[in-house]
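Novice: Let me give you the structure first, and then I'll get to my questions.
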Amino acid sequence: YADMGPVNAEDVVCRAMEELALRMSHCDRLFRANDMDGLRKSSRSLIAIAEQIGMNVLAQVARDVVACTETRDHVALAATLGRLMRAGEGSLTAIWELQDITI
C-alpha cells in the first residue's frame, strides 16, 4: 500500500480477489472431475495470489490441498478442499465488506 499508493493498491487487491474467487471455483470443478494434476496446479496459483495480498491462512490451506493431491488421499482432500472454500469465502467476504471503509 505504501509503495503503490492507494489507487494502485486497491486495484491490485480487487484483481486478486476476483482471481481468488475464480481459482476457488475452478479448484472445486477440478476436484469434482477428479483432475488431481489440474487441482494441484490451480491450488498452487491460488497460494501465490493469496500470499500477494497477505491472506496467509488461505495460502496455507491451499498448500494443504496440494499436499493431499500428492498423496492421493481423497477423503483428506475432500475435507481440506471444503476448508479451503470456507476460508476463502470468509476472507473474500471480509474484504468486500471493508471496501466501503476508507483507509
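Within each chain, counting starts at residue 1; across the C-alpha cells, chains are named A, B, ... in the order shown, with ligands numbered 1 upward in that order.
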Compile the contact shell of Leu39 in chain A as a list in words: residues with an atom at most 8 Å away, counting only C-alpha atoms, same-chain residues fewer than 6 positions apart removed.
Specialist: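 Once the nearby chain positions are removed, what remains is Cys27, Leu30, Phe31, Val66 and Thr69 of chain A.
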Novice: Compile the contact shell of Leu46 in chain A as an MDAnalysis selection string: residues with an atom at most 12 Å away, counting only C-alpha atoms, same-chain residues fewer than 3 positions apart removed.
Specialist: chainID A and resid 16:27 39:43 49:53 55:66 84:85 88
Novice: Would you mind exporting the chosen residues as a compact mmCIF listing (two decimals), in the first residue's frame, restricted to N, CA and C atoms?
Specialist:
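Below you can see part_34.txt, which holds the result:
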# COMPACT_ATOMS: atom_id res chain seq x y z
N ALA A 16 -6.89 -9.32 -7.40
CA ALA A 16 -6.53 -10.56 -6.70
C ALA A 16 -7.77 -11.23 -6.13
N MET A 17 -8.69 -10.45 -5.60
CA MET A 17 -9.93 -11.04 -5.07
C MET A 17 -10.73 -11.73 -6.17
N GLU A 18 -10.83 -11.08 -7.32
CA GLU A 18 -11.54 -11.69 -8.44
C GLU A 18 -10.88 -12.99 -8.87
N GLU A 19 -9.55 -12.96 -8.93
CA GLU A 19 -8.82 -14.15 -9.35
C GLU A 19 -8.93 -15.26 -8.31
N LEU A 20 -8.92 -14.90 -7.02
CA LEU A 20 -9.10 -15.91 -5.98
C LEU A 20 -10.46 -16.59 -6.11
N ALA A 21 -11.49 -15.81 -6.32
CA ALA A 21 -12.84 -16.38 -6.46
C ALA A 21 -12.89 -17.32 -7.66
N LEU A 22 -12.29 -16.92 -8.77
CA LEU A 22 -12.26 -17.78 -9.95
C LEU A 22 -11.48 -19.07 -9.70
N ARG A 23 -10.33 -18.94 -9.06
CA ARG A 23 -9.48 -20.11 -8.78
C ARG A 23 -10.17 -21.08 -7.82
N MET A 24 -10.84 -20.54 -6.83
CA MET A 24 -11.55 -21.42 -5.88
C MET A 24 -12.64 -22.20 -6.61
N SER A 25 -13.38 -21.55 -7.44
CA SER A 25 -14.43 -22.21 -8.23
C SER A 25 -13.81 -23.26 -9.15
N HIS A 26 -12.69 -22.90 -9.76
CA HIS A 26 -12.00 -23.83 -10.65
C HIS A 26 -11.50 -25.05 -9.88
N CYS A 27 -10.96 -24.84 -8.68
CA CYS A 27 -10.50 -25.95 -7.84
C CYS A 27 -11.65 -26.91 -7.53
N LEU A 39 -5.97 -29.77 -10.26
CA LEU A 39 -6.27 -29.22 -8.94
C LEU A 39 -5.00 -28.76 -8.23
N ARG A 40 -3.95 -29.56 -8.35
CA ARG A 40 -2.68 -29.18 -7.74
C ARG A 40 -2.17 -27.88 -8.37
N LYS A 41 -2.22 -27.78 -9.68
CA LYS A 41 -1.75 -26.59 -10.38
C LYS A 41 -2.58 -25.36 -10.00
N SER A 42 -3.88 -25.51 -9.98
CA SER A 42 -4.75 -24.39 -9.64
C SER A 42 -4.56 -23.96 -8.19
N SER A 43 -4.37 -24.92 -7.31
CA SER A 43 -4.13 -24.61 -5.89
C SER A 43 -2.81 -23.87 -5.70
N ILE A 49 -1.41 -16.06 -5.26
CA ILE A 49 -2.31 -14.90 -5.21
C ILE A 49 -2.62 -14.53 -3.77
N ALA A 50 -2.93 -15.53 -2.95
CA ALA A 50 -3.26 -15.27 -1.55
C ALA A 50 -2.07 -14.64 -0.81
N GLU A 51 -0.88 -15.13 -1.09
CA GLU A 51 0.31 -14.56 -0.44
C GLU A 51 0.54 -13.12 -0.88
N GLN A 52 0.24 -12.82 -2.13
CA GLN A 52 0.45 -11.46 -2.66
C GLN A 52 -0.33 -10.42 -1.87
N ILE A 53 -1.52 -10.79 -1.39
CA ILE A 53 -2.34 -9.81 -0.67
C ILE A 53 -2.44 -10.12 0.82
N MET A 55 -3.09 -12.98 2.54
CA MET A 55 -4.04 -13.98 3.06
C MET A 55 -3.27 -15.26 3.38
N ASN A 56 -2.53 -15.21 4.47
CA ASN A 56 -1.63 -16.31 4.81
C ASN A 56 -2.35 -17.59 5.19
N VAL A 57 -3.49 -17.48 5.86
CA VAL A 57 -4.24 -18.68 6.24
C VAL A 57 -4.76 -19.38 4.99
N LEU A 58 -5.30 -18.60 4.07
CA LEU A 58 -5.80 -19.16 2.83
C LEU A 58 -4.67 -19.84 2.05
N ALA A 59 -3.51 -19.21 2.01
CA ALA A 59 -2.35 -19.79 1.33
C ALA A 59 -1.96 -21.11 1.98
N GLN A 60 -1.99 -21.18 3.31
CA GLN A 60 -1.61 -22.41 3.99
C GLN A 60 -2.61 -23.53 3.71
N VAL A 61 -3.88 -23.21 3.71
CA VAL A 61 -4.89 -24.24 3.42
C VAL A 61 -4.73 -24.73 1.98
N ALA A 62 -4.42 -23.83 1.06
CA ALA A 62 -4.18 -24.24 -0.33
C ALA A 62 -2.95 -25.15 -0.41
N ARG A 63 -1.93 -24.88 0.41
CA ARG A 63 -0.76 -25.78 0.47
C ARG A 63 -1.18 -27.17 0.95
N ASP A 64 -2.10 -27.21 1.91
CA ASP A 64 -2.59 -28.49 2.41
C ASP A 64 -3.35 -29.23 1.31
N VAL A 65 -4.09 -28.50 0.49
CA VAL A 65 -4.78 -29.13 -0.64
C VAL A 65 -3.76 -29.74 -1.59
N VAL A 66 -2.70 -28.99 -1.89
CA VAL A 66 -1.65 -29.51 -2.77
C VAL A 66 -1.07 -30.79 -2.19
N LEU A 84 -10.75 -25.08 2.46
CA LEU A 84 -10.27 -24.02 1.58
C LEU A 84 -11.44 -23.14 1.12
N MET A 85 -12.54 -23.76 0.76
CA MET A 85 -13.70 -22.99 0.29
C MET A 85 -14.26 -22.11 1.41
N GLY A 88 -11.69 -19.30 2.12
CA GLY A 88 -11.67 -18.36 1.01
C GLY A 88 -12.91 -17.49 0.97
Novice: Within chain A, find each residue whose DSSP state, derived from the backbone, is alpha helix (DSSP H), and express the selection as a ChimeraX atom specification.
Specialist: /A:6-32,36-52,56-71,74-98
Novice: How far is it from CA of Arg72 in chain A to CA of Arg44 in chain A, in Å with one decimal?
Specialist: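 Those two atoms sit 16.2 Å apart.
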Novice: When you draw a straight line from CA of His74 in chain A to CA of Met36 in chain A, how long is it in Å?
Specialist: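 Result for CA of His74 in chain A versus CA of Met36 in chain A: 9.7 Å, one decimal.
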Novice: Between CA of Leu92 in chain A and CA of Arg32 in chain A, what is the distance, to one decimal in Å?
Specialist: 22.5 Å
